[in-house]
Every structure is written in structure tokens, then in C-alpha cells.
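Engineer: What follows is a structure written as C-alpha cells; I'll ask about it next.
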There are 2 protein chains.
Amino acid sequence: MKATITDVAKQAGVSMKTVSRVLNNEPNVAKATRDRVMEVAASLQYRPNLAARGLASSKSYLIALLYDNASASYITNIQRGAIEACRRNGYHLLLEPMPYEQANSPEAEILLGRLGVDGVILTPPLSDSVVLRDILRRLDMRHVAVAPNKMDDVHAVRMDDAEAAFQMTTYLIEQGHRDIGFILGHPNHGATASRRLGFEKALNEAGIKLNEDWISAGDFSFRSGVQAAEHLLSNPDNRPTAIFASNDDMAAGVMSVAGRLGISVPEALSVCGFDDTPIAQIIWPQLTTVAQPIHKMGFKAASILISRDNPDDPKICTLDFELIIRESTLGGPLLK
Amino acid sequence: MKATITDVAKQAGVSMKTVSRVLNNEPNVAKATRDRVMEVAASLQYRPNLAARGLASSKSYLIALLYDNASASYITNIQRGAIEACRRNGYHLLLEPMPYEQANSPEAEILLGRLGVDGVILTPPLSDSVVLRDILRRLDMRHVAVAPNKMDDVHAVRMDDAEAAFQMTTYLIEQGHRDIGFILGHPNHGATASRRLGFEKALNEAGIKLNEDWISAGDFSFRSGVQAAEHLLSNPDNRPTAIFASNDDMAAGVMSVAGRLGISVPEALSVCGFDDTPIAQIIWPQLTTVAQPIHKMGFKAASILISRDNPDDPKICTLDFELIIRESTLGGPLLK
DNA sequence: TTGTAGGCGTTATCAG
DNA sequence: CTGATAACGCCTACAA
């Protein structure tokens with residue numbers, strides 16, 4: 001049979017409350033007592049029972065990560081960060097996939113209701129669902145959104161997607177490009193609008209007229225990048241000299257089409273992406289992109305949930321991004 | 001305040017035990033009673049408290065997924081499968097990363113000890129650690145290994161890696177290749193040895209003498225594939241006509257080197273990988289590879305842990321693989 | 001600095 | 001078929 005707190009208490013000749021105090025690092029325990037308890041606990045291989053602890057304290061020491069079919073690299077990075085924060089505080093991370101469509105349905109409330117966790121991390125595009133955030137609020141569950149857009153009603157960890165897209169576009173313009181194509185992300189994602197905004201703002205400030213025809217739909221998938229590129233590059237006499245895809249997978253799609261059409265990258269076409277996923281360094285030429293601090297975002301999100309201070313006052317944490325310049329954009333018109 | 005089982009019992013005019021019976025689908029409840037309880041429970045938005053249930057039944061309804069830095073796509077697929085099985089049974093999946101080196105240290109026992117889950121899924125390379133499996137047995141924790149090699153002392157979900165490598169190599173030989181290079185995986189992974197075994201067996205049966213020089217070290221990373229390819233392709237007068245990489249990332253590395261050296265794939269060099277990760281369809285030409293039923297493995301693994309039958313008799317479940325032939329190998333010597 | 005009593009919300013036992 | 005009552009292992013109050 002497994003040792004319980006009572007066993008430890010008996011062996012150590014103290015009350016169970018004292019053992020509890022020692023185990024939870026509470027003050028007001030004599031050092032000698034503390035040491036003795038620790039010793040006995042170790043010798044008995046005592047492990048606190050999470051369920052019992054949870055029942056008594058009405059805490060579960062569990063955090064749930066809610067996600068839709070985000071890219072594998074994105075989701076694993078968020079996970080790593082969140083788990084790191086959990087480990088430091090004796091928490092564990094639960095995985096809960098939830099299709100975006102379901103977020104607006106009654107099922108969502110049921111699923112969340114039985115979850116019984118201390119907090120929930122929402123990742124895009126779920127973090128953009130107002131309905132979902134309402135449900136969470138109604139259920140009185142702490143939650144934090146990992147999201148690109150500003151929200152003042154919830155805790156949020158974000159990155160300034162618009163600013164990043166602005167800077168990237170400005171960089172392309174500085175390379176001499178004036179004919180720049182843009183591939184949109186999945187319409188459900190808030191990031192899609194933000195990135196487009198930054199793109200358009202940069203063109204605007206540079207006095208370049210927006211060519212609506214060169215803004216092409218996409219959904220963050222490689223395949224959609226291929227289709228968008230086929231559209232953007234279809235007219236040999238009038239095509240962009242640079243294409244900014246809203247993520248790396250779609251940028252890879254562009255490169256693949258360029259290769260097939262004999263358009264050499266970066267000499268005849270500059271390509272850049274967003275996210276700095278592993279693929280950015282695997283394709284050739286390597287991809288210019290925006291590195292998001294995804295790992296750190298996961299860490300921050302979990303930390304906010306775990307910390308007990310000011311649970312009410314919504315806090316927004318904006319993290320830095322970084323432009324990663326690689327070969328795929330080193331061939332702008334200015335170089336010719 | 002949240003509704004408890006007692007509230008439901010009062011409202012429905014029955015005892016809490018009866019409510020409990022209804023909720024757990026136990027027999028011996030009159031249909032009328034059952035319906036009434038269900039109704040009240042719904043109207044009260046009653047959700048059973050996991051901690052309380054866990055305490056009383058000494059079950060946590062939690063399964064942990066233990067993993068090292070497996071590839072993002074591998075780990076997310078396992079996750080999806082495992083979660084699916086969990087959901088069907090009211091379980092949840094906990095994520096526990098653990099570096100392979102740590103698996104042999106005392107920390108592992110501590111971490112696992114406090115985990116308090118009903119079962120553990122081990123993924124490669126952790127599933128190959130005898131020490132880790134011993135710890136789990138000592139802690140009396142149910143576990144199932146997702147692993148390529150045969151083990152008769154634990155529950156295991158596996159795929160016949162050796163056979164898959166054998167078939168793939170045989171396929172290459174049938175295409176007319178006799179000079180075939182092989183890139184090994186990470187030495188910590190049991191899959192590495194199995195795949196090599198299958199490769200060598202195929203050469204053997206075809207009466208082709210093994211060229212040790214053409215078996216190159218790797219570690220499953222893209223970078224290591226690049227290095228291995230640089231080695232294998234270094235001598236223009238004597239190089240393999242096909243390279244079989246132990247996974248897709250390394251195969252992508254090979255293609256990248258081939259591109260740089262002006263060796264066209266598949267005309268001058270056939271390349272194949274293993275795993276059928278997304279990258280296999282993103283690189284060009286698309287990669288011939290082995291599709292593992294990773295999702296299904298995760299599902300099976302979780303199902304075994306959840307099911308309560310024959311918990312002692314170790315069961316091994318071998319799943320099917322599939323050879324996926326794509327462009328990267330459609331240029332063997334026979335075609336010329 | 002330490003201990004005692006009571007309860008957290010379920011499930012299990014055993015009687016009706 | 002149903003119900004009272006006792007665990008389950010820990011934490012929170014409140015005493016001492």
C-alpha cells in the first residue's frame with residue numbers, strides 16, 4: 001500500500017498537519033521538525049495524492065492547452081513553453097484539441113465544464129472566438145489567450161503581428177521591390193488580418209499603390225500557397241518581384257511553384273514567410289521569415305495562469321519578434 | 001456554487017448513490033428513476049468533480065504521454081491518437097517531456113512517482129530504455145511502449161520497422177539499383193537498428209555485397225542528412241545510385257545536397273525516406289517513404305492502458321505500414 | 001511552533 | 001431496485 005500523510009506523521013511523531021506544512025513549504029515549522037519529516041517522507045517514498053489534495057484545496061494543479069489544428073511545430077513549441085512553467089510550479093499540462101467550429105457550439109461548454117482544470121490556455125484561432133471566451137467567463141475558469149490582436153477583456157500573450165508584417169514589407173521595399181504579392185492566411189485567424197494590415201500600411205507609407213489583384217487568399221497550408229503562387233505568377237509579363245506569404249508553409253509552396261516555372265529564387269523572385277518553422281531552413285534557398293517567440297509565449301501564458309496575483313485585472317504581455325533574413329530575399333531589383 | 005451530487009440527489013428525491021449509479025451507467029436502476037436523475041442533472045448543469053471521483057475510486061482518469069524530443073509531426077500524431085482514445089472513455093492526456101539521459105537518473109523516478117496517473121505511454125527513444133521500464137514496474141504504474149523492437153515483458157504497440165526497410169530496399173533493387181547508400185538514424189533509437197537490419201537483409205537476399213562505406217551515420221536531423229549525403233556523394237566516380245535515409249528529414253537533407261551538387265533526383269539519384277512526415281510532400285521531387293500508422297499507434301496505446309482486461313498478460317499489437325512511392329525514386333537504372 | 005476537528009464530492013459496502 | 005454510512009487523503013480553520 002502506498003504511504004499516506006498519516007503514515008508519515010506517525011513515523012515522524014508529529015501531526016499530519018505538520019507534515020502538510022513541511023510538504024507545502026509553509027512557514028512556522030522548526031527546522032529540526034522539518035528535517036525529520038522530510039527524512040521519513042523520503043524513506044517511506046511518500047508521494048502526495050493529487051486527487052486528495054485537489055479535492056481539499058479545490059485546485060487541480062492542472063492547466064489545459066486548448067488548440068485547433070495549428071501547425072505541429074507551433075503547437076509543440078507552445079507546449080514546451082507551457083510545460084516548463086508548469087513544472088516549476090508543480091502543475092501539469094493537459095491537452096485538449098477543439099475544432100474551431102465546435103468552439104461556438106454547446107459541446108464546447110460541456111467539454112470545458114467537465115475539464116476541472118485551474119486554467120486554460122487558448123491558442124489561435126480559438127483565442128479569437130468571442131463565444132469561447134464568454135463560455136470560459138461564465139464557467140468562471142481562468143484563461144489566457146495567445147493571440148495577435150489586442151483584447152482588453154482577457155489576459156493575453158501576444159506578438160505584434162501587424163508591426164512584424166510592416167517591418168518585413170518595408171524591408172522588401174528597401175530592397176527595391178515595388179511589385180509585391182501577398183498571400184493571406186486562414187480567415188479564421190486573427191493573425192491573418194493583422195499581417196495584412198501591416199503589409200498594406202508599409203506599402204502606403206512608401207507611396208506604393210496597392211494592387212488588390214496581388215493579394216491572394218490562402219489558409220496557411222502548403223497547398224494553398226501553391227495555388228496562390230500559381231495565381232500570382234500566372235502572367236509572365238506582369239508578375240510581382242517579391243511575394244510575402246503569411247506563413248512559412250505557404251512560402252514553401254511559392255518556392256515550389258517558382259521552381260516548376262523556372263523562376264529562380266531569389267534572383268527573379270524574392271520570397272518570405274512568417275513563423276520561422278523548421279521548414280524555413282530546410283528548403284532551398286533558405287527562407288527569410290519572422291521568428292515568433294512561441295516557446296516564450298507558452299511559458300508566459302502558463303505562468304500567468306499559475307500566478308495568483310491580480311487574477312482580475314487583465315494583463316497583456318507583448319513579446320518581441322525578430323526578422324530573420326536568409327537567402328530567399330537576397331536578390332532584389334537593387335542588386336541588379 | 002457548483003452543483004454537487006447531493007444537490008442532484010435532493011432535487012430528484014433519491015439518494016446520492018442512485019445518482020452515482022445513473023451517472024456511471026451502472027445497472028439496477030429503474031428506467032423512470034434514471035430518466036428523472038438525468039433530467040435534474042442536466043437542469044442543474046451538474047458536472048462530476050474529477051478530484052473527488054479520483055480520490056474515491058483511486059483512479060485519476062489521466063494518462064501521461066512521455067516523450068523525448070521526437071519530431072513535432074510524430075509527437076502531435078501520437079497525441080491526436082491518444083487523445084481520441086481518452087475522450088471516448090472520459091480520460092485526459094497529460095504531457096510529460098523527459099530527456100532520454102534523464103530516463104536513467106533518479107529524477108525520473110521522482111517525476112514519475114508524483115505523476116499520479118493511471119497509465120503511461122512511452123514513445124521512442126524512451127520506450128527503449130530498460131531502466132525506465134523497470135522504474136515504472138517498480139512504481140506499479142501501467143505502461144505501454146510505442147516501439148519498433150520486440151519486447152515480451154511489456155504492453156507494446158509497434159510497427160515492423162525491419163520489414164518495412166526490407167521492402168523498401170527490395171523495391172529499390174527491383175528498380176535496378178545495386179549501389180545503395182544508407183543513412184542511419186539516432187543511435188539511441190531502437191528503430192535505427194531495426195531499419196538497418198531490414199536494409200542489409202534485402203541486399204543479402206538479392207546477393208548484393210554490402211558496402212560498409214555506404215552506410216553513413218546520422219541522427220534523424222536534416223543537418224545530419226546533409227552531412228551524410230556530402231560523404232556518400234563525395235566521389236563523383238563512385239557514388240550510390242540510390243540513397244535510403246532512415247527518416248524523411250535526413251532524406252530532405254540528401255535532396256538538398258544533391259541539388260547543390262547538380263545531381264538530379266530521381267534521374268541520377270533515387271532518394272527515399274521513412275515516416276511520411278509532411279515534408280515528404282513539400283520538397284520537390286516528392287519523397288518516396290514509409291507511412292507509419294502513428295495516429296493509430298497513439299490510439300491503440302491509450303486504449304490498452306484504459307481497458308481493464310488482462311492487465312497482466314503483456315500484449316503486443318503490431319500495426320501495418322505502407323510503402324508510399326513518389327517521384328523521388330522514379331528514375332532507377334532500369335529506366336535508362 | 002504545533003495539533004484537532006471537520007469537510008471537500010465521489011465511490012464502495014452492505015443492508016433493506 | 002434503492003439508500004444510509006463510511007471511507008478516500010489532504011487542506012483549512014481554529015485552538016493550544
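Residues in the C-alpha cells are named by chain (A, B, ... in the order shown) and by number from 1 within that chain; ligands are numbered from 1 in the order shown.
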If we count only C-alpha atoms (C1' of nucleotides) and set the cut-off at 10 Å, which residues sit around DT2 (chain D), ignoring sequence neighbours fewer than 5 positions away in its own chain? Please answer as a PyMOL selection string.

Structural biologist: (chain B and resi 14-15+17-18+28-30) or (chain C and resi 16)

Engineer: Keeping only N, CA and C atoms (P, O5', C5', C4', C3', O3' and C1' of nucleotides), write those residues as a PDB file, in the first residue's frame.

Structural biologist:
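And here's out_13.pdb as it stands now:
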```pdb
ATOM      1  N   VAL B  14     -33.905  11.230  -4.602  1.00  0.00           N
ATOM      2  CA  VAL B  14     -33.287   9.911  -4.446  1.00  0.00           C
ATOM      3  C   VAL B  14     -32.013  10.067  -3.623  1.00  0.00           C
ATOM      4  N   SER B  15     -31.348   8.973  -3.382  1.00  0.00           N
ATOM      5  CA  SER B  15     -30.089   9.057  -2.636  1.00  0.00           C
ATOM      6  C   SER B  15     -28.939   9.366  -3.578  1.00  0.00           C
ATOM      7  N   LYS B  17     -26.276   7.821  -3.905  1.00  0.00           N
ATOM      8  CA  LYS B  17     -25.759   6.602  -4.525  1.00  0.00           C
ATOM      9  C   LYS B  17     -26.488   6.306  -5.841  1.00  0.00           C
ATOM     10  N   THR B  18     -27.771   6.524  -5.811  1.00  0.00           N
ATOM     11  CA  THR B  18     -28.541   6.280  -7.029  1.00  0.00           C
ATOM     12  C   THR B  18     -28.084   7.210  -8.151  1.00  0.00           C
ATOM     13  N   ASN B  28     -29.154  -1.934 -12.586  1.00  0.00           N
ATOM     14  CA  ASN B  28     -30.023  -1.929 -11.404  1.00  0.00           C
ATOM     15  C   ASN B  28     -30.551  -0.549 -11.039  1.00  0.00           C
ATOM     16  N   VAL B  29     -31.016   0.157 -12.021  1.00  0.00           N
ATOM     17  CA  VAL B  29     -31.722   1.403 -11.741  1.00  0.00           C
ATOM     18  C   VAL B  29     -32.969   1.393 -12.618  1.00  0.00           C
ATOM     19  N   ALA B  30     -34.097   1.708 -12.023  1.00  0.00           N
ATOM     20  CA  ALA B  30     -35.332   1.734 -12.799  1.00  0.00           C
ATOM     21  C   ALA B  30     -35.242   2.816 -13.856  1.00  0.00           C
TER      22      ALA B  30
ATOM     23  P    DG C  16     -30.877  -4.384   7.779  1.00  0.00           P
ATOM     24  O5'  DG C  16     -31.851  -3.921   6.628  1.00  0.00           O
ATOM     25  C5'  DG C  16     -32.511  -2.666   6.739  1.00  0.00           C
ATOM     26  C4'  DG C  16     -33.140  -2.331   5.419  1.00  0.00           C
ATOM     27  C3'  DG C  16     -34.505  -2.981   5.179  1.00  0.00           C
ATOM     28  O3'  DG C  16     -35.482  -1.958   5.132  1.00  0.00           O
ATOM     29  C1'  DG C  16     -33.137  -3.019   3.230  1.00  0.00           C
TER      30       DG C  16
END
```

Engineer: Give the strand (DSSP E) residues of region 109-319 of chain A, as assigned by DSSP on the backbone, as an MDAnalysis selection string.

Structural biologist: chainID A and resid 119:122 143:146 155:159 180:183 215:216 242:245 270:272 289:291 316:319

Engineer: Using only C-alpha atoms (C1' of nucleotides), which residues sit within 7 Å of region 2-13 of chain C once same-chain residues fewer than 2 positions away are excluded, as a list of chain:residue names?

Structural biologist: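 So, after excluding close chain neighbours, the residues are A:Ser15, A:Thr18, A:Leu55, A:Ala56, B:Thr4, B:Asn49, B:Ala52, B:Arg53, B:Ala56, B:Ser57.
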
Engineer: Let me see the file: selected residues, C-alpha atoms, as a PDB file, in the first residue's frame.

Structural biologist:
```pdb
ATOM      1  CA  SER A  15       0.581  15.526  13.445  1.00  0.00           C
ATOM      2  CA  THR A  18       2.775  19.487  10.417  1.00  0.00           C
ATOM      3  CA  LEU A  55     -10.419  17.839  -3.527  1.00  0.00           C
ATOM      4  CA  ALA A  56      -9.448  19.534  -0.314  1.00  0.00           C
TER       5      ALA A  56
ATOM      6  CA  THR B   4     -22.799  18.537  -6.430  1.00  0.00           C
ATOM      7  CA  ASN B  49     -15.805  16.578  -9.756  1.00  0.00           C
ATOM      8  CA  ALA B  52     -13.418  13.698  -5.747  1.00  0.00           C
ATOM      9  CA  ARG B  53     -14.081  10.877  -8.089  1.00  0.00           C
ATOM     10  CA  ALA B  56     -12.869   7.797  -4.016  1.00  0.00           C
ATOM     11  CA  SER B  57     -12.086   5.415  -6.817  1.00  0.00           C
TER      12      SER B  57
END
```

Engineer: Could you give me, as a tab-separated table, a per-residue list for chain D showing, wherever an atom lies at most 9 Å from an atom of chain B, the closest pair of atoms and their distance in Å to one decimal, using only C-alpha atoms (C1' of nucleotides) and sorting by chain then residue number from low to high?

Structural biologist:
```
residue	atom	partner	partner_atom	distance
D:DC1	C1'	B:Asn28	CA	5.8
D:DT2	C1'	B:Thr18	CA	7.0
D:DG3	C1'	B:Ser15	CA	5.8
D:DA4	C1'	B:Ser15	CA	8.8
D:DA7	C1'	B:Ala56	CA	7.9
D:DC8	C1'	B:Ala56	CA	4.7
D:DG9	C1'	B:Leu55	CA	7.4
```

Engineer: If you count only C-alpha atoms (C1' of nucleotides), which residues fall within 12 Å of Gln102 (chain B), apart from same-chain ones fewer than 5 positions away, as an MDAnalysis selection string?

Structural biologist: chainID B and resid 66:68 97 107:112 125:126 129 131:132

Engineer: So how many Å separate CA of Ala251 (chain A) and CA of Ala103 (chain A), to one decimal?

Structural biologist: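 Distance reported for this atom pair: 29.1 Å.
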
Engineer: As number ranges by chain, could you give me every residue of chain B near chain A (at most 6 Å apart, counting only C-alpha atoms)?

Structural biologist: B: 47, 51-52, 54-55, 72-73, 93-95, 114

Engineer: Please, could you write that set of residues out with all heavy atoms as a JSON list (two decimals), in the first residue's frame?

Structural biologist:
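This went into again.json:
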```json
[["chain", "number", "residue", "atom", "x", "y", "z"],
["B", 47, "ARG", "N", -21.74, 18.74, -13.07],
["B", 47, "ARG", "CA", -20.55, 18.10, -13.62],
["B", 47, "ARG", "C", -19.83, 17.39, -12.48],
["B", 47, "ARG", "O", -19.49, 18.03, -11.50],
["B", 47, "ARG", "CB", -19.57, 19.11, -14.20],
["B", 47, "ARG", "CG", -20.18, 20.27, -14.91],
["B", 47, "ARG", "CD", -20.28, 19.99, -16.37],
["B", 47, "ARG", "NE", -20.86, 21.13, -17.05],
["B", 47, "ARG", "CZ", -21.87, 21.03, -17.90],
["B", 47, "ARG", "NH1", -22.40, 19.86, -18.16],
["B", 47, "ARG", "NH2", -22.34, 22.08, -18.50],
["B", 51, "ALA", "N", -11.60, 15.37, -9.13],
["B", 51, "ALA", "CA", -10.73, 15.10, -7.99],
["B", 51, "ALA", "C", -11.43, 14.18, -6.98],
["B", 51, "ALA", "O", -10.85, 13.22, -6.50],
["B", 51, "ALA", "CB", -10.33, 16.41, -7.32],
["B", 52, "ALA", "N", -12.67, 14.51, -6.71],
["B", 52, "ALA", "CA", -13.42, 13.70, -5.75],
["B", 52, "ALA", "C", -13.58, 12.27, -6.26],
["B", 52, "ALA", "O", -13.36, 11.30, -5.54],
["B", 52, "ALA", "CB", -14.78, 14.32, -5.50],
["B", 54, "GLY", "N", -11.71, 10.80, -8.34],
["B", 54, "GLY", "CA", -10.40, 10.16, -8.32],
["B", 54, "GLY", "C", -10.04, 9.69, -6.92],
["B", 54, "GLY", "O", -9.52, 8.60, -6.73],
["B", 55, "LEU", "N", -10.33, 10.53, -5.96],
["B", 55, "LEU", "CA", -9.99, 10.16, -4.59],
["B", 55, "LEU", "C", -10.76, 8.92, -4.16],
["B", 55, "LEU", "O", -10.21, 7.99, -3.58],
["B", 55, "LEU", "CB", -10.33, 11.32, -3.66],
["B", 55, "LEU", "CG", -10.05, 11.11, -2.18],
["B", 55, "LEU", "CD1", -8.59, 10.73, -1.98],
["B", 55, "LEU", "CD2", -10.38, 12.35, -1.39],
["B", 72, "ALA", "N", 8.24, 17.01, -34.32],
["B", 72, "ALA", "CA", 6.97, 17.63, -34.00],
["B", 72, "ALA", "C", 5.82, 16.86, -34.62],
["B", 72, "ALA", "O", 4.79, 16.64, -33.99],
["B", 72, "ALA", "CB", 6.96, 19.08, -34.46],
["B", 73, "SER", "N", 6.00, 16.43, -35.86],
["B", 73, "SER", "CA", 4.86, 15.80, -36.51],
["B", 73, "SER", "C", 4.59, 14.42, -35.89],
["B", 73, "SER", "O", 3.46, 14.02, -35.73],
["B", 73, "SER", "CB", 5.08, 15.71, -38.02],
["B", 73, "SER", "OG", 5.56, 14.46, -38.41],
["B", 93, "LEU", "N", -5.33, 13.52, -21.41],
["B", 93, "LEU", "CA", -3.92, 13.24, -21.68],
["B", 93, "LEU", "C", -3.01, 14.31, -21.10],
["B", 93, "LEU", "O", -3.18, 15.50, -21.35],
["B", 93, "LEU", "CB", -3.69, 13.14, -23.19],
["B", 93, "LEU", "CG", -2.31, 12.64, -23.58],
["B", 93, "LEU", "CD1", -2.18, 11.16, -23.27],
["B", 93, "LEU", "CD2", -2.02, 12.91, -25.05],
["B", 94, "LEU", "N", -2.05, 13.85, -20.33],
["B", 94, "LEU", "CA", -1.05, 14.72, -19.72],
["B", 94, "LEU", "C", 0.23, 14.64, -20.54],
["B", 94, "LEU", "O", 0.59, 13.57, -21.00],
["B", 94, "LEU", "CB", -0.75, 14.16, -18.33],
["B", 94, "LEU", "CG", -0.64, 15.11, -17.18],
["B", 94, "LEU", "CD1", -1.96, 15.83, -17.03],
["B", 94, "LEU", "CD2", -0.34, 14.33, -15.94],
["B", 95, "LEU", "N", 0.92, 15.77, -20.67],
["B", 95, "LEU", "CA", 2.15, 15.78, -21.46],
["B", 95, "LEU", "C", 3.37, 15.82, -20.55],
["B", 95, "LEU", "O", 3.49, 16.71, -19.73],
["B", 95, "LEU", "CB", 2.14, 17.03, -22.33],
["B", 95, "LEU", "CG", 2.28, 16.82, -23.81],
["B", 95, "LEU", "CD1", 1.37, 15.69, -24.24],
["B", 95, "LEU", "CD2", 1.95, 18.08, -24.53],
["B", 114, "ARG", "N", 5.46, 11.25, -8.60],
["B", 114, "ARG", "CA", 4.45, 12.24, -8.24],
["B", 114, "ARG", "C", 3.38, 12.37, -9.31],
["B", 114, "ARG", "O", 2.46, 13.19, -9.17],
["B", 114, "ARG", "CB", 5.01, 13.64, -8.02],
["B", 114, "ARG", "CG", 6.45, 13.91, -8.11],
["B", 114, "ARG", "CD", 6.69, 15.41, -7.87],
["B", 114, "ARG", "NE", 7.75, 15.62, -6.90],
["B", 114, "ARG", "CZ", 7.53, 15.76, -5.59],
["B", 114, "ARG", "NH1", 6.32, 15.72, -5.11],
["B", 114, "ARG", "NH2", 8.53, 15.96, -4.78]]
```

Engineer: Identify all residues of region 105-222 of chain A in helix (DSSP H, G or I) (DSSP on the backbone) and supply them as JSON, numbers by chain.

Structural biologist: {"A": [106, 107, 108, 109, 110, 111, 112, 113, 126, 127, 128, 130, 131, 132, 133, 134, 135, 136, 137, 138, 161, 162, 163, 164, 165, 166, 167, 168, 169, 170, 171, 172, 173, 174, 190, 191, 192, 193, 194, 195, 196, 197, 198, 199, 200, 201, 202, 203, 204, 205, 212, 213, 214, 222]}

Engineer: Hey, can you spit out that residue selection with C-alpha atoms as a PDB file, in the first residue's frame?

Structural biologist:
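Printed below is part.pdb as written:
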```pdb
ATOM      1  CA  PRO A 106     -22.932  23.775 -26.768  1.00  0.00           C
ATOM      2  CA  GLU A 107     -20.491  20.884 -26.790  1.00  0.00           C
ATOM      3  CA  ALA A 108     -17.722  23.294 -26.009  1.00  0.00           C
ATOM      4  CA  GLU A 109     -19.351  24.278 -22.760  1.00  0.00           C
ATOM      5  CA  ILE A 110     -19.881  20.689 -21.775  1.00  0.00           C
ATOM      6  CA  LEU A 111     -16.328  19.713 -22.567  1.00  0.00           C
ATOM      7  CA  LEU A 112     -14.911  22.670 -20.717  1.00  0.00           C
ATOM      8  CA  GLY A 113     -17.307  22.155 -17.857  1.00  0.00           C
ATOM      9  CA  LEU A 126      -9.580  29.591 -30.696  1.00  0.00           C
ATOM     10  CA  SER A 127      -8.243  32.657 -28.954  1.00  0.00           C
ATOM     11  CA  ASP A 128     -10.161  34.739 -31.475  1.00  0.00           C
ATOM     12  CA  VAL A 130     -15.561  35.613 -28.503  1.00  0.00           C
ATOM     13  CA  VAL A 131     -18.089  32.904 -27.796  1.00  0.00           C
ATOM     14  CA  LEU A 132     -15.472  30.647 -26.333  1.00  0.00           C
ATOM     15  CA  ARG A 133     -14.125  33.353 -24.086  1.00  0.00           C
ATOM     16  CA  ASP A 134     -17.664  34.041 -22.924  1.00  0.00           C
ATOM     17  CA  ILE A 135     -18.174  30.421 -22.042  1.00  0.00           C
ATOM     18  CA  LEU A 136     -14.967  30.410 -20.071  1.00  0.00           C
ATOM     19  CA  ARG A 137     -16.002  33.520 -18.208  1.00  0.00           C
ATOM     20  CA  ARG A 138     -19.404  32.069 -17.453  1.00  0.00           C
ATOM     21  CA  ASP A 161       1.903  40.705 -35.966  1.00  0.00           C
ATOM     22  CA  ALA A 162       0.974  43.893 -37.758  1.00  0.00           C
ATOM     23  CA  GLU A 163       4.230  45.563 -36.844  1.00  0.00           C
ATOM     24  CA  ALA A 164       6.206  42.499 -37.908  1.00  0.00           C
ATOM     25  CA  ALA A 165       4.471  42.384 -41.269  1.00  0.00           C
ATOM     26  CA  PHE A 166       5.053  46.105 -41.596  1.00  0.00           C
ATOM     27  CA  GLN A 167       8.754  45.744 -40.976  1.00  0.00           C
ATOM     28  CA  MET A 168       9.115  42.798 -43.302  1.00  0.00           C
ATOM     29  CA  THR A 169       7.311  44.604 -46.101  1.00  0.00           C
ATOM     30  CA  THR A 170       9.387  47.706 -45.508  1.00  0.00           C
ATOM     31  CA  TYR A 171      12.491  45.579 -45.781  1.00  0.00           C
ATOM     32  CA  LEU A 172      11.316  44.255 -49.144  1.00  0.00           C
ATOM     33  CA  ILE A 173      10.650  47.774 -50.338  1.00  0.00           C
ATOM     34  CA  GLU A 174      14.119  48.812 -49.250  1.00  0.00           C
ATOM     35  CA  GLY A 190      -6.902  36.999 -36.235  1.00  0.00           C
ATOM     36  CA  ALA A 191      -3.291  36.948 -37.362  1.00  0.00           C
ATOM     37  CA  THR A 192      -4.451  36.971 -40.946  1.00  0.00           C
ATOM     38  CA  ALA A 193      -5.983  40.423 -40.661  1.00  0.00           C
ATOM     39  CA  SER A 194      -3.114  41.784 -38.601  1.00  0.00           C
ATOM     40  CA  ARG A 195      -0.472  40.680 -41.054  1.00  0.00           C
ATOM     41  CA  ARG A 196      -2.375  42.069 -43.961  1.00  0.00           C
ATOM     42  CA  LEU A 197      -2.759  45.356 -42.124  1.00  0.00           C
ATOM     43  CA  GLY A 198       0.981  45.662 -41.601  1.00  0.00           C
ATOM     44  CA  PHE A 199       1.630  44.813 -45.215  1.00  0.00           C
ATOM     45  CA  GLU A 200      -0.747  47.426 -46.529  1.00  0.00           C
ATOM     46  CA  LYS A 201       0.466  50.073 -44.146  1.00  0.00           C
ATOM     47  CA  ALA A 202       4.037  49.627 -45.355  1.00  0.00           C
ATOM     48  CA  LEU A 203       3.024  49.976 -48.988  1.00  0.00           C
ATOM     49  CA  ASN A 204       1.039  53.009 -48.049  1.00  0.00           C
ATOM     50  CA  GLU A 205       3.841  54.744 -46.250  1.00  0.00           C
ATOM     51  CA  GLU A 212      -5.665  44.138 -54.979  1.00  0.00           C
ATOM     52  CA  ASP A 213      -5.038  41.509 -57.565  1.00  0.00           C
ATOM     53  CA  TRP A 214      -1.816  40.611 -55.896  1.00  0.00           C
ATOM     54  CA  PHE A 222       1.425  24.406 -48.253  1.00  0.00           C
TER      55      PHE A 222
END
```

Engineer: Work out how far apart CA of Met250 (chain B) and CA of Phe220 (chain B) are and give it in Å to one decimal.

Structural biologist: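 Interatomic distance, CA of Met250 (chain B) to CA of Phe220 (chain B): 5.9 Å.
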
Engineer: Identify which of the residues B:Gly331, B:Pro236, B:Gly225, B:Gly298 lies closest to Val265 (chain B), counting only C-alpha atoms when measuring atom-to-atom distances.

Structural biologist: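 Using only C-alpha atoms, Val265 (chain B) sits closest to B:Gly331.
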